[in-house]
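**Student:** Sharing final-v9.json, JSON, C-alpha atoms and all ligand atoms:
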[["chain", "number", "residue", "atom", "x", "y", "z"],
["A", 1, "MET", "CA", -50.60, -25.21, 15.61],
["A", 2, "SER", "CA", -50.01, -28.04, 13.16],
["A", 3, "LEU", "CA", -46.78, -29.95, 13.52],
["A", 4, "LEU", "CA", -45.17, -32.01, 10.79],
["A", 5, "VAL", "CA", -42.59, -34.56, 11.88],
["A", 6, "VAL", "CA", -40.27, -36.43, 9.57],
["A", 7, "GLY", "CA", -38.00, -39.11, 10.98],
["A", 8, "THR", "CA", -37.24, -42.78, 11.09],
["A", 9, "VAL", "CA", -39.78, -45.35, 12.18],
["A", 10, "ALA", "CA", -37.70, -48.33, 13.12],
["A", 11, "PHE", "CA", -37.05, -51.62, 14.77],
["A", 12, "ASP", "CA", -34.47, -51.27, 17.54],
["A", 13, "SER", "CA", -32.50, -53.84, 19.49],
["A", 14, "VAL", "CA", -31.17, -52.33, 22.68],
["A", 15, "GLU", "CA", -28.88, -53.60, 25.39],
["A", 16, "SER", "CA", -28.30, -51.70, 28.61],
["A", 17, "PRO", "CA", -26.75, -52.81, 31.91],
["A", 18, "PHE", "CA", -30.34, -53.43, 33.02],
["A", 19, "GLY", "CA", -31.47, -55.75, 30.28],
["A", 20, "LYS", "CA", -32.05, -56.38, 26.66],
["A", 21, "ALA", "CA", -34.92, -55.75, 24.25],
["A", 22, "GLU", "CA", -34.96, -57.10, 20.71],
["A", 23, "HIS", "CA", -36.73, -55.72, 17.68],
["A", 24, "ILE", "CA", -38.89, -53.22, 19.54],
["A", 25, "LEU", "CA", -40.64, -50.16, 18.15],
["A", 26, "GLY", "CA", -38.19, -47.29, 17.78],
["A", 27, "GLY", "CA", -37.03, -44.59, 15.43],
["A", 28, "ALA", "CA", -36.54, -40.87, 15.77],
["A", 29, "GLY", "CA", -39.88, -40.03, 14.14],
["A", 30, "THR", "CA", -41.69, -42.39, 16.48],
["A", 31, "TYR", "CA", -40.18, -40.92, 19.65],
["A", 32, "ILE", "CA", -40.66, -37.31, 18.49],
["A", 33, "GLY", "CA", -44.28, -37.91, 17.47],
["A", 34, "LEU", "CA", -45.23, -39.75, 20.67],
["A", 35, "SER", "CA", -43.55, -37.18, 22.89],
["A", 36, "ALA", "CA", -45.03, -34.14, 21.09],
["A", 37, "SER", "CA", -48.50, -35.71, 21.06],
["A", 38, "TYR", "CA", -48.94, -34.83, 24.75],
["A", 39, "LEU", "CA", -48.36, -31.15, 24.05],
["A", 40, "THR", "CA", -49.84, -30.26, 20.69],
["A", 41, "GLN", "CA", -52.25, -31.45, 18.00],
["A", 42, "PRO", "CA", -52.50, -32.22, 15.12],
["A", 43, "ILE", "CA", -49.31, -34.19, 14.55],
["A", 44, "ASN", "CA", -48.49, -35.47, 11.09],
["A", 45, "LEU", "CA", -45.73, -38.01, 10.56],
["A", 46, "VAL", "CA", -43.86, -38.62, 7.32],
["A", 47, "SER", "CA", -41.67, -41.70, 7.21],
["A", 48, "VAL", "CA", -41.18, -45.09, 5.58],
["A", 49, "VAL", "CA", -41.39, -48.68, 6.79],
["A", 50, "GLY", "CA", -41.27, -52.13, 5.18],
["A", 51, "GLU", "CA", -44.02, -54.69, 4.87],
["A", 52, "ASP", "CA", -42.64, -56.34, 8.01],
["A", 53, "PHE", "CA", -43.86, -53.45, 10.20],
["A", 54, "PRO", "CA", -46.72, -54.72, 12.39],
["A", 55, "GLU", "CA", -50.16, -53.17, 12.67],
["A", 56, "GLU", "CA", -49.90, -53.01, 16.48],
["A", 57, "HIS", "CA", -47.10, -50.44, 16.19],
["A", 58, "PHE", "CA", -49.18, -48.28, 13.87],
["A", 59, "GLN", "CA", -51.99, -48.57, 16.37],
["A", 60, "ARG", "CA", -49.77, -47.22, 19.15],
["A", 61, "MET", "CA", -49.26, -44.08, 17.08],
["A", 62, "ARG", "CA", -52.94, -43.78, 16.14],
["A", 63, "ASN", "CA", -53.82, -44.07, 19.82],
["A", 64, "ARG", "CA", -51.85, -40.89, 20.34],
["A", 65, "ASN", "CA", -53.76, -39.16, 17.52],
["A", 66, "ILE", "CA", -50.75, -39.15, 15.24],
["A", 67, "ASP", "CA", -51.76, -38.95, 11.58],
["A", 68, "ILE", "CA", -49.70, -41.74, 9.99],
["A", 69, "SER", "CA", -51.06, -41.42, 6.46],
["A", 70, "GLY", "CA", -47.67, -39.98, 5.50],
["A", 71, "ILE", "CA", -45.85, -43.22, 6.39],
["A", 72, "GLU", "CA", -45.08, -45.10, 3.19],
["A", 73, "ILE", "CA", -45.18, -48.89, 3.39],
["A", 74, "VAL", "CA", -42.78, -50.42, 0.88],
["A", 75, "LYS", "CA", -44.04, -53.71, -0.55],
["A", 76, "GLY", "CA", -41.57, -56.51, 0.18],
["A", 77, "GLY", "CA", -39.28, -54.00, 1.93],
["A", 78, "LYS", "CA", -37.62, -54.26, 5.34],
["A", 79, "THR", "CA", -37.98, -51.59, 8.00],
["A", 80, "PHE", "CA", -34.94, -49.56, 9.11],
["A", 81, "PHE", "CA", -33.11, -51.43, 11.87],
["A", 82, "TRP", "CA", -30.77, -50.10, 14.52],
["A", 83, "ALA", "CA", -28.99, -51.92, 17.35],
["A", 84, "GLY", "CA", -27.09, -50.29, 20.17],
["A", 85, "LYS", "CA", -25.46, -51.16, 23.46],
["A", 86, "TYR", "CA", -25.05, -48.82, 26.41],
["A", 87, "ARG", "CA", -21.99, -48.79, 28.60],
["A", 88, "GLN", "CA", -22.13, -48.87, 32.37],
["A", 89, "ASP", "CA", -22.49, -45.07, 32.67],
["A", 90, "LEU", "CA", -25.55, -45.14, 30.34],
["A", 91, "ASN", "CA", -24.31, -41.92, 28.78],
["A", 92, "THR", "CA", -22.18, -43.60, 26.13],
["A", 93, "ARG", "CA", -23.46, -46.10, 23.64],
["A", 94, "ASP", "CA", -22.01, -48.10, 20.80],
["A", 95, "THR", "CA", -23.98, -48.60, 17.64],
["A", 96, "LEU", "CA", -23.78, -52.32, 16.87],
["A", 97, "ASP", "CA", -25.74, -52.28, 13.63],
["A", 98, "THR", "CA", -27.48, -49.84, 11.29],
["A", 99, "GLN", "CA", -29.47, -51.36, 8.42],
["A", 100, "LEU", "CA", -30.99, -48.59, 6.32],
["A", 101, "ASN", "CA", -33.22, -51.03, 4.37],
["A", 102, "VAL", "CA", -36.22, -49.06, 3.00],
["A", 103, "LEU", "CA", -34.60, -45.83, 4.14],
["A", 104, "ALA", "CA", -31.83, -46.18, 1.56],
["A", 105, "THR", "CA", -34.23, -45.42, -1.32],
["A", 106, "PHE", "CA", -36.78, -43.33, 0.54],
["A", 107, "ASN", "CA", -38.22, -40.53, -1.55],
["A", 108, "PRO", "CA", -40.62, -38.74, 0.80],
["A", 109, "VAL", "CA", -44.00, -37.59, -0.44],
["A", 110, "VAL", "CA", -45.74, -35.19, 1.92],
["A", 111, "PRO", "CA", -49.51, -35.68, 1.62],
["A", 112, "GLU", "CA", -51.38, -32.59, 0.43],
["A", 113, "HIS", "CA", -53.14, -32.01, 3.77],
["A", 114, "MET", "CA", -49.79, -31.89, 5.62],
["A", 115, "ARG", "CA", -48.12, -29.31, 3.41],
["A", 116, "SER", "CA", -49.18, -26.20, 5.28],
["A", 117, "ALA", "CA", -47.54, -27.20, 8.57],
["A", 118, "GLU", "CA", -46.66, -24.25, 10.80],
["A", 119, "PHE", "CA", -44.03, -26.18, 12.75],
["A", 120, "LEU", "CA", -41.63, -28.63, 11.14],
["A", 121, "MET", "CA", -39.47, -31.13, 13.03],
["A", 122, "LEU", "CA", -36.83, -32.73, 10.86],
["A", 123, "GLY", "CA", -35.91, -35.78, 12.89],
["A", 124, "ASN", "CA", -32.60, -37.53, 12.57],
["A", 125, "LEU", "CA", -32.60, -38.82, 8.99],
["A", 126, "LEU", "CA", -30.74, -38.61, 5.68],
["A", 127, "PRO", "CA", -30.15, -34.87, 5.17],
["A", 128, "ASP", "CA", -31.39, -35.17, 1.55],
["A", 129, "VAL", "CA", -34.68, -36.58, 2.74],
["A", 130, "GLN", "CA", -35.02, -33.79, 5.32],
["A", 131, "ARG", "CA", -34.53, -31.23, 2.54],
["A", 132, "LYS", "CA", -36.95, -32.92, 0.14],
["A", 133, "VAL", "CA", -39.65, -32.67, 2.79],
["A", 134, "MET", "CA", -39.01, -28.94, 3.23],
["A", 135, "GLU", "CA", -39.19, -28.38, -0.52],
["A", 136, "GLN", "CA", -42.70, -29.84, -0.73],
["A", 137, "LEU", "CA", -44.27, -27.50, 1.80],
["A", 138, "ASN", "CA", -46.58, -24.61, 0.89],
["A", 139, "GLY", "CA", -44.29, -21.82, 2.02],
["A", 140, "ARG", "CA", -41.92, -21.74, 4.92],
["A", 141, "PRO", "CA", -43.14, -22.98, 8.32],
["A", 142, "LYS", "CA", -43.00, -20.61, 11.25],
["A", 143, "LEU", "CA", -40.22, -22.73, 12.76],
["A", 144, "VAL", "CA", -37.97, -25.46, 11.37],
["A", 145, "VAL", "CA", -36.15, -27.58, 13.95],
["A", 146, "MET", "CA", -33.58, -30.12, 12.78],
["A", 147, "ASP", "CA", -31.99, -33.01, 14.60],
["A", 148, "THR", "CA", -29.10, -35.04, 13.24],
["A", 149, "MET", "CA", -26.37, -37.38, 14.44],
["A", 150, "ASN", "CA", -22.74, -38.41, 13.99],
["A", 151, "PHE", "CA", -23.61, -40.88, 11.22],
["A", 152, "TRP", "CA", -24.91, -38.10, 8.92],
["A", 153, "ILE", "CA", -22.29, -35.54, 10.02],
["A", 154, "GLU", "CA", -19.58, -37.98, 9.03],
["A", 155, "HIS", "CA", -20.96, -39.49, 5.82],
["A", 156, "TYR", "CA", -23.30, -36.79, 4.40],
["A", 157, "HIS", "CA", -21.53, -33.60, 5.43],
["A", 158, "ASP", "CA", -22.18, -31.43, 2.34],
["A", 159, "SER", "CA", -25.83, -32.33, 2.15],
["A", 160, "LEU", "CA", -26.22, -31.64, 5.86],
["A", 161, "MET", "CA", -24.65, -28.19, 5.44],
["A", 162, "GLU", "CA", -27.25, -27.35, 2.76],
["A", 163, "GLY", "CA", -30.04, -28.32, 5.15],
["A", 164, "LEU", "CA", -28.56, -26.29, 8.00],
["A", 165, "LYS", "CA", -28.95, -23.12, 5.96],
["A", 166, "LEU", "CA", -32.72, -23.67, 5.96],
["A", 167, "THR", "CA", -32.98, -24.49, 9.67],
["A", 168, "ASP", "CA", -34.03, -22.26, 12.57],
["A", 169, "VAL", "CA", -33.04, -24.54, 15.46],
["A", 170, "LEU", "CA", -30.54, -27.38, 15.40],
["A", 171, "THR", "CA", -30.65, -29.95, 18.20],
["A", 172, "ILE", "CA", -27.62, -32.20, 18.61],
["A", 173, "ASN", "CA", -25.68, -33.74, 21.48],
["A", 174, "ASP", "CA", -22.37, -32.45, 22.83],
["A", 175, "GLU", "CA", -20.27, -35.03, 21.01],
["A", 176, "GLU", "CA", -21.96, -34.19, 17.71],
["A", 177, "ALA", "CA", -21.54, -30.44, 18.32],
["A", 178, "ARG", "CA", -17.80, -31.00, 18.77],
["A", 179, "MET", "CA", -17.66, -33.17, 15.66],
["A", 180, "LEU", "CA", -19.59, -30.70, 13.49],
["A", 181, "SER", "CA", -17.62, -27.63, 14.63],
["A", 182, "GLY", "CA", -14.18, -29.09, 15.28],
["A", 183, "GLU", "CA", -14.20, -27.16, 18.59],
["A", 184, "TYR", "CA", -14.04, -28.71, 22.05],
["A", 185, "ALA", "CA", -15.47, -25.86, 24.18],
["A", 186, "LEU", "CA", -19.23, -25.87, 23.70],
["A", 187, "PRO", "CA", -19.70, -22.04, 23.57],
["A", 188, "LYS", "CA", -17.09, -21.91, 20.80],
["A", 189, "ALA", "CA", -18.67, -24.87, 19.05],
["A", 190, "ALA", "CA", -22.02, -23.09, 19.28],
["A", 191, "GLN", "CA", -20.65, -19.93, 17.68],
["A", 192, "LYS", "CA", -19.29, -21.91, 14.76],
["A", 193, "ILE", "CA", -22.46, -23.92, 14.27],
["A", 194, "LEU", "CA", -24.64, -20.81, 14.42],
["A", 195, "SER", "CA", -22.55, -19.36, 11.59],
["A", 196, "MET", "CA", -23.52, -22.38, 9.44],
["A", 197, "GLY", "CA", -27.18, -21.30, 9.28],
["A", 198, "PRO", "CA", -29.32, -22.06, 12.33],
["A", 199, "LYS", "CA", -30.43, -19.10, 14.47],
["A", 200, "TYR", "CA", -30.56, -21.24, 17.61],
["A", 201, "LEU", "CA", -28.69, -24.29, 18.78],
["A", 202, "VAL", "CA", -29.71, -26.79, 21.43],
["A", 203, "ILE", "CA", -26.92, -29.01, 22.73],
["A", 204, "LYS", "CA", -28.19, -32.09, 24.58],
["A", 205, "LYS", "CA", -25.92, -33.47, 27.24],
["A", 206, "GLY", "CA", -27.80, -36.55, 28.38],
["A", 207, "GLU", "CA", -28.08, -36.75, 32.15],
["A", 208, "HIS", "CA", -26.22, -33.44, 32.33],
["A", 209, "GLY", "CA", -29.05, -31.43, 30.82],
["A", 210, "ALA", "CA", -29.23, -29.21, 27.76],
["A", 211, "LEU", "CA", -27.91, -25.84, 26.59],
["A", 212, "LEU", "CA", -29.64, -23.30, 24.37],
["A", 213, "PHE", "CA", -27.64, -20.75, 22.36],
["A", 214, "GLY", "CA", -28.90, -17.92, 20.14],
["A", 215, "GLU", "CA", -29.30, -14.13, 19.85],
["A", 216, "GLY", "CA", -25.97, -13.83, 21.66],
["A", 217, "LYS", "CA", -27.53, -15.46, 24.74],
["A", 218, "ALA", "CA", -27.25, -18.83, 26.45],
["A", 219, "PHE", "CA", -29.51, -20.82, 28.77],
["A", 220, "PHE", "CA", -29.00, -24.10, 30.62],
["A", 221, "ALA", "CA", -31.59, -26.64, 31.78],
["A", 222, "PRO", "CA", -30.50, -29.59, 33.92],
["A", 223, "ALA", "CA", -31.92, -33.06, 33.43],
["A", 224, "LEU", "CA", -34.20, -34.35, 36.18],
["A", 225, "PRO", "CA", -32.23, -36.59, 38.54],
["A", 226, "LEU", "CA", -34.01, -39.93, 38.18],
["A", 227, "GLU", "CA", -34.00, -42.91, 40.49],
["A", 228, "GLU", "CA", -34.37, -45.37, 37.64],
["A", 229, "VAL", "CA", -32.86, -45.22, 34.18],
["A", 230, "PHE", "CA", -33.32, -48.31, 32.05],
["A", 231, "ASP", "CA", -32.78, -47.30, 28.47],
["A", 232, "PRO", "CA", -31.68, -43.88, 27.18],
["A", 233, "THR", "CA", -32.66, -44.73, 23.59],
["A", 234, "GLY", "CA", -34.92, -42.05, 22.18],
["A", 235, "ALA", "CA", -34.15, -39.56, 24.95],
["A", 236, "GLY", "CA", -32.83, -37.02, 22.44],
["A", 237, "ASP", "CA", -35.85, -37.46, 20.21],
["A", 238, "SER", "CA", -38.33, -37.32, 23.08],
["A", 239, "PHE", "CA", -36.56, -34.14, 24.13],
["A", 240, "ALA", "CA", -36.97, -32.73, 20.62],
["A", 241, "GLY", "CA", -40.65, -33.74, 20.61],
["A", 242, "GLY", "CA", -41.24, -32.00, 23.93],
["A", 243, "PHE", "CA", -39.33, -28.93, 22.73],
["A", 244, "ILE", "CA", -41.17, -28.41, 19.45],
["A", 245, "GLY", "CA", -44.46, -29.67, 20.89],
["A", 246, "TYR", "CA", -44.43, -26.91, 23.48],
["A", 247, "LEU", "CA", -43.41, -24.23, 20.96],
["A", 248, "SER", "CA", -46.19, -25.36, 18.65],
["A", 249, "ARG", "CA", -48.78, -25.37, 21.44],
["A", 250, "THR", "CA", -47.85, -21.86, 22.58],
["A", 251, "ASN", "CA", -47.21, -20.57, 19.04],
["A", 252, "ASP", "CA", -44.35, -18.48, 20.40],
["A", 253, "VAL", "CA", -40.83, -18.90, 19.04],
["A", 254, "SER", "CA", -39.06, -16.28, 21.17],
["A", 255, "PHE", "CA", -35.83, -17.11, 23.04],
["A", 256, "GLU", "CA", -37.72, -16.74, 26.36],
["A", 257, "ASN", "CA", -40.28, -19.33, 25.29],
["A", 258, "MET", "CA", -37.57, -21.64, 23.99],
["A", 259, "LYS", "CA", -36.23, -21.73, 27.56],
["A", 260, "ARG", "CA", -39.57, -23.15, 28.70],
["A", 261, "ALA", "CA", -39.58, -25.52, 25.74],
["A", 262, "LEU", "CA", -36.21, -26.81, 26.90],
["A", 263, "ILE", "CA", -37.78, -27.72, 30.25],
["A", 264, "TYR", "CA", -40.62, -29.55, 28.50],
["A", 265, "GLY", "CA", -38.03, -31.37, 26.41],
["A", 266, "SER", "CA", -36.17, -32.46, 29.53],
["A", 267, "VAL", "CA", -39.39, -33.65, 31.17],
["A", 268, "MET", "CA", -40.44, -35.74, 28.17],
["A", 269, "ALA", "CA", -36.94, -37.25, 27.93],
["A", 270, "SER", "CA", -37.10, -38.16, 31.63],
["A", 271, "PHE", "CA", -40.19, -40.31, 31.02],
["A", 272, "CYS", "CA", -38.60, -41.97, 28.02],
["A", 273, "VAL", "CA", -35.49, -43.26, 29.79],
["A", 274, "GLU", "CA", -37.33, -44.83, 32.72],
["A", 275, "ARG", "CA", -38.54, -47.78, 30.62],
["A", 276, "PHE", "CA", -37.35, -49.71, 27.61],
["A", 277, "GLY", "CA", -38.20, -48.24, 24.20],
["A", 278, "THR", "CA", -41.46, -46.35, 23.89],
["A", 279, "GLU", "CA", -43.10, -48.22, 26.78],
["A", 280, "GLN", "CA", -43.71, -45.20, 28.97],
["A", 281, "LEU", "CA", -44.21, -42.69, 26.17],
["A", 282, "VAL", "CA", -47.33, -44.44, 24.92],
["A", 283, "ASN", "CA", -48.93, -44.27, 28.31],
["A", 284, "LEU", "CA", -48.64, -40.82, 29.91],
["A", 285, "ASP", "CA", -51.11, -38.17, 30.92],
["A", 286, "THR", "CA", -51.09, -34.43, 31.46],
["A", 287, "SER", "CA", -51.05, -34.64, 35.25],
["A", 288, "ALA", "CA", -47.88, -36.78, 35.26],
["A", 289, "ILE", "CA", -46.23, -34.26, 32.94],
["A", 290, "ASN", "CA", -47.34, -31.31, 35.09],
["A", 291, "ASP", "CA", -46.00, -33.03, 38.23],
["A", 292, "ARG", "CA", -42.59, -33.25, 36.67],
["A", 293, "ILE", "CA", -42.68, -29.65, 35.50],
["A", 294, "ARG", "CA", -43.40, -28.68, 39.13],
["A", 295, "ARG", "CA", -40.49, -30.83, 40.33],
["A", 296, "PHE", "CA", -38.30, -29.08, 37.82],
["A", 297, "VAL", "CA", -39.28, -25.66, 39.11],
["A", 298, "GLU", "CA", -38.58, -26.74, 42.71],
["A", 299, "LEU", "CA", -35.27, -28.26, 41.75],
["A", 300, "THR", "CA", -33.93, -25.23, 39.94],
["A", 301, "GLN", "CA", -35.36, -22.20, 41.76],
["A", 302, "PHE", "CA", -33.40, -20.46, 44.46],
["A", 303, "GLU", "CA", -32.83, -17.04, 45.92],
["A", 304, "ILE", "CA", -29.39, -15.87, 46.79],
["A", 305, "PRO", "CA", -28.41, -12.62, 48.48],
["A", 306, "LEU", "CA", -25.46, -10.78, 46.98],
["A", 307, "SER", "CA", -22.80, -9.57, 49.41],
["B", 401, "LIG", "P1", -31.70, -41.07, 20.34],
["B", 401, "LIG", "O1", -31.44, -42.03, 21.44],
["B", 401, "LIG", "O2", -32.64, -39.97, 20.71],
["B", 401, "LIG", "O3", -30.47, -40.59, 19.68],
["B", 401, "LIG", "O4", -32.50, -41.86, 19.20],
["B", 401, "LIG", "C1", -32.50, -43.23, 19.06],
["B", 401, "LIG", "C2", -33.33, -43.60, 17.87],
["B", 401, "LIG", "O5", -32.69, -43.17, 16.67],
["B", 401, "LIG", "C3", -33.50, -45.11, 17.74],
["B", 401, "LIG", "O6", -34.85, -45.44, 17.97],
["B", 401, "LIG", "C4", -33.04, -45.45, 16.32],
["B", 401, "LIG", "O7", -33.97, -46.23, 15.62],
["B", 401, "LIG", "C5", -32.85, -44.12, 15.66],
["B", 401, "LIG", "N1", -31.62, -44.09, 14.85],
["B", 401, "LIG", "C6", -30.44, -44.70, 15.12],
["B", 401, "LIG", "N2", -29.54, -44.45, 14.14],
["B", 401, "LIG", "C7", -30.17, -43.65, 13.25],
["B", 401, "LIG", "C8", -29.78, -43.04, 12.02],
["B", 401, "LIG", "N3", -28.55, -43.20, 11.50],
["B", 401, "LIG", "N4", -30.69, -42.26, 11.39],
["B", 401, "LIG", "C9", -31.91, -42.08, 11.89],
["B", 401, "LIG", "N5", -32.36, -42.63, 13.03],
["B", 401, "LIG", "C10", -31.50, -43.40, 13.70]]
Just give me the structure of the file as structure tokens.

**Tutor:**
Amino acid sequence: MSLLVVGTVAFDSVESPFGKAEHILGGAGTYIGLSASYLTQPINLVSVVGEDFPEEHFQRMRNRNIDISGIEIVKGGKTFFWAGKYRQDLNTRDTLDTQLNVLATFNPVVPEHMRSAEFLMLGNLLPDVQRKVMEQLNGRPKLVVMDTMNFWIEHYHDSLMEGLKLTDVLTINDEEARMLSGEYALPKAAQKILSMGPKYLVIKKGEHGALLFGEGKAFFAPALPLEEVFDPTGAGDSFAGGFIGYLSRTNDVSFENMKRALIYGSVMASFCVERFGTEQLVNLDTSAINDRIRRFVELTQFEIPLS
């Protein structure tokens, strides 16, 4: 099934206890597109960059068969820039800098051949831009998944609420779920958020896995315990790419299938965090992904007799 992704394409500077990388390829749209590209085709990306964005980064996306004709290049403009620093636990990070640059005036135009997408992934972006993309489509996609973050919850609340009404699945992290709902307990937070519009909610909890809520049910998937974690940047987006990529491939949006999609999301995120930036995500293959899915099954399956 065709997948349309909208999200930032960015330069990131990242510092973790294991090192530093400056001005590397990043952005929510980039991570989602790369991650999903291993699970479904075609993938269409709508975004914006400045004239400073190098050809080699575009090539990385083309190599993964991502259609980048929907990425606008603004003459004389500067690409969105984000800098963050991870604390010792790698689960908490401080944003050091966010420069919207070309994103501040981005008016997305979805190319004609991308307008009949069956699956839509609204990556972390200005809520207005997410909505403008939805409005240009020929009818409603089979599934609309939205990701967002504290920055937009805090500064663009009303616009975000409008977008939520049009969303099927919202993916956010635990801190953002608490912020959006004003509730501490995640099941309570989920109830509140589901009353804002989405039918399903995925709460990402970093190395502690992810929760799925919807239809009055809940499901939990752990994260794979990894021996090496270098840089968690993009983990949430790689997760989202794996999640929607699997749903698009199987063309099944039932709760049962979303459980499997959650596992694919966790697997794709596990690859992302093992290297800096997109390093590992540009260089995977199906057998590596299948190996991890098998590890996941082994890790989580058990039989237990009831007394
Ligand atoms: P994640 O670690 O999955 O939350 O995503 C990290 C990516 O999000 C980085 O590559 C950043 O370029 C991008 N990013 C950071 N802040 C924002 C923002 N305010 N809006 C959109 N994308 C962002």

**Student:** Would you please work out which residue, of A:Val229, A:Leu247, A:Asp94, A:Asn257, is nearest to Gly19 (chain A) when using all atoms listed in the file?

**Tutor:** A:Val229

**Student:** List all protein, DNA and RNA residues that have an atom no more than 6 Å from any atom of ligand LIG 401 (chain B), counting only C-alpha atoms and all ligand atoms, and report them as a compact mmCIF listing (two decimals) with C-alpha atoms, in the coordinates of the input.

**Tutor:**
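Okay, this is what ended up in result_16.txt:
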# COMPACT_ATOMS: atom_id res chain seq x y z
CA THR A 8 -37.24 -42.78 11.09
CA ALA A 10 -37.70 -48.33 13.12
CA ASP A 12 -34.47 -51.27 17.54
CA GLY A 26 -38.19 -47.29 17.78
CA GLY A 27 -37.03 -44.59 15.43
CA ALA A 28 -36.54 -40.87 15.77
CA TRP A 82 -30.77 -50.10 14.52
CA ASN A 124 -32.60 -37.53 12.57
CA LEU A 125 -32.60 -38.82 8.99
CA PHE A 151 -23.61 -40.88 11.22
CA THR A 233 -32.66 -44.73 23.59
CA GLY A 234 -34.92 -42.05 22.18
CA ALA A 235 -34.15 -39.56 24.95
CA GLY A 236 -32.83 -37.02 22.44
CA ASP A 237 -35.85 -37.46 20.21

**Student:** Would you list the contacts of region 187-196 of chain A as a PDB file with C-alpha atoms, keeping the file's coordinate frame, taking every protein, DNA or RNA residue within 12 Å and counting all atoms listed in the file, but skipping same-chain residues closer than 2 positions in sequence?

**Tutor:**
ATOM      1  CA  ASP A 158     -22.180 -31.430   2.340  1.00  0.00           C
ATOM      2  CA  LEU A 160     -26.220 -31.640   5.860  1.00  0.00           C
ATOM      3  CA  MET A 161     -24.650 -28.190   5.440  1.00  0.00           C
ATOM      4  CA  GLU A 162     -27.250 -27.350   2.760  1.00  0.00           C
ATOM      5  CA  GLY A 163     -30.040 -28.320   5.150  1.00  0.00           C
ATOM      6  CA  LEU A 164     -28.560 -26.290   8.000  1.00  0.00           C
ATOM      7  CA  LYS A 165     -28.950 -23.120   5.960  1.00  0.00           C
ATOM      8  CA  LEU A 166     -32.720 -23.670   5.960  1.00  0.00           C
ATOM      9  CA  THR A 167     -32.980 -24.490   9.670  1.00  0.00           C
ATOM     10  CA  ASP A 168     -34.030 -22.260  12.570  1.00  0.00           C
ATOM     11  CA  VAL A 169     -33.040 -24.540  15.460  1.00  0.00           C
ATOM     12  CA  LEU A 170     -30.540 -27.380  15.400  1.00  0.00           C
ATOM     13  CA  THR A 171     -30.650 -29.950  18.200  1.00  0.00           C
ATOM     14  CA  ILE A 172     -27.620 -32.200  18.610  1.00  0.00           C
ATOM     15  CA  ASN A 173     -25.680 -33.740  21.480  1.00  0.00           C
ATOM     16  CA  ASP A 174     -22.370 -32.450  22.830  1.00  0.00           C
ATOM     17  CA  GLU A 175     -20.270 -35.030  21.010  1.00  0.00           C
ATOM     18  CA  GLU A 176     -21.960 -34.190  17.710  1.00  0.00           C
ATOM     19  CA  ALA A 177     -21.540 -30.440  18.320  1.00  0.00           C
ATOM     20  CA  ARG A 178     -17.800 -31.000  18.770  1.00  0.00           C
ATOM     21  CA  MET A 179     -17.660 -33.170  15.660  1.00  0.00           C
ATOM     22  CA  LEU A 180     -19.590 -30.700  13.490  1.00  0.00           C
ATOM     23  CA  SER A 181     -17.620 -27.630  14.630  1.00  0.00           C
ATOM     24  CA  GLY A 182     -14.180 -29.090  15.280  1.00  0.00           C
ATOM     25  CA  GLU A 183     -14.200 -27.160  18.590  1.00  0.00           C
ATOM     26  CA  TYR A 184     -14.040 -28.710  22.050  1.00  0.00           C
ATOM     27  CA  ALA A 185     -15.470 -25.860  24.180  1.00  0.00           C
ATOM     28  CA  PRO A 198     -29.320 -22.060  12.330  1.00  0.00           C
ATOM     29  CA  LYS A 199     -30.430 -19.100  14.470  1.00  0.00           C
ATOM     30  CA  TYR A 200     -30.560 -21.240  17.610  1.00  0.00           C
ATOM     31  CA  LEU A 201     -28.690 -24.290  18.780  1.00  0.00           C
ATOM     32  CA  VAL A 202     -29.710 -26.790  21.430  1.00  0.00           C
ATOM     33  CA  ILE A 203     -26.920 -29.010  22.730  1.00  0.00           C
ATOM     34  CA  LEU A 211     -27.910 -25.840  26.590  1.00  0.00           C
ATOM     35  CA  LEU A 212     -29.640 -23.300  24.370  1.00  0.00           C
ATOM     36  CA  PHE A 213     -27.640 -20.750  22.360  1.00  0.00           C
ATOM     37  CA  GLY A 214     -28.900 -17.920  20.140  1.00  0.00           C
ATOM     38  CA  GLU A 215     -29.300 -14.130  19.850  1.00  0.00           C
ATOM     39  CA  GLY A 216     -25.970 -13.830  21.660  1.00  0.00           C
ATOM     40  CA  LYS A 217     -27.530 -15.460  24.740  1.00  0.00           C
ATOM     41  CA  ALA A 218     -27.250 -18.830  26.450  1.00  0.00           C
ATOM     42  CA  PHE A 219     -29.510 -20.820  28.770  1.00  0.00           C
ATOM     43  CA  PHE A 220     -29.000 -24.100  30.620  1.00  0.00           C
TER      44      PHE A 220
END

**Student:** Between A:Val109, A:Leu3, A:Phe302, A:Phe81, which has the minimum distance to Asp97 (chain A) (counting only C-alpha atoms)?

**Tutor:**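 Looking at the shortest contact to Asp97 (chain A), the residue is A:Phe81.
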
**Student:** Between CA of Ser248 (chain A) and CA of Ser270 (chain A), what is the distance in Å, rounded to a tenth?

**Tutor:**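 Spanning CA of Ser248 (chain A) to CA of Ser270 (chain A) is a straight-line distance of 20.4 Å.
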
**Student:** Take CA of Tyr264 (chain A) and CA of Val6 (chain A) and report the distance between them in Å, one decimal.

**Tutor:**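 Distance reported for this atom pair: 20.1 Å.
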
**Student:** Could the centre and edge lengths of an axis-aligned box, enclosing all atoms of region 97-116 of chain A in the file with 8 Å extra on each side, be given in Å to one decimal as JSON?

**Tutor:**
{"center_x": -39.4, "center_y": -39.2, "center_z": 6.0, "size_x": 43.4, "size_y": 42.1, "size_z": 31.2}

**Student:** Separation of CA of Thr79 (chain A) and CA of Asn101 (chain A), in Å?

**Tutor:**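 Result for CA of Thr79 (chain A) versus CA of Asn101 (chain A): 6.0 Å, one decimal.
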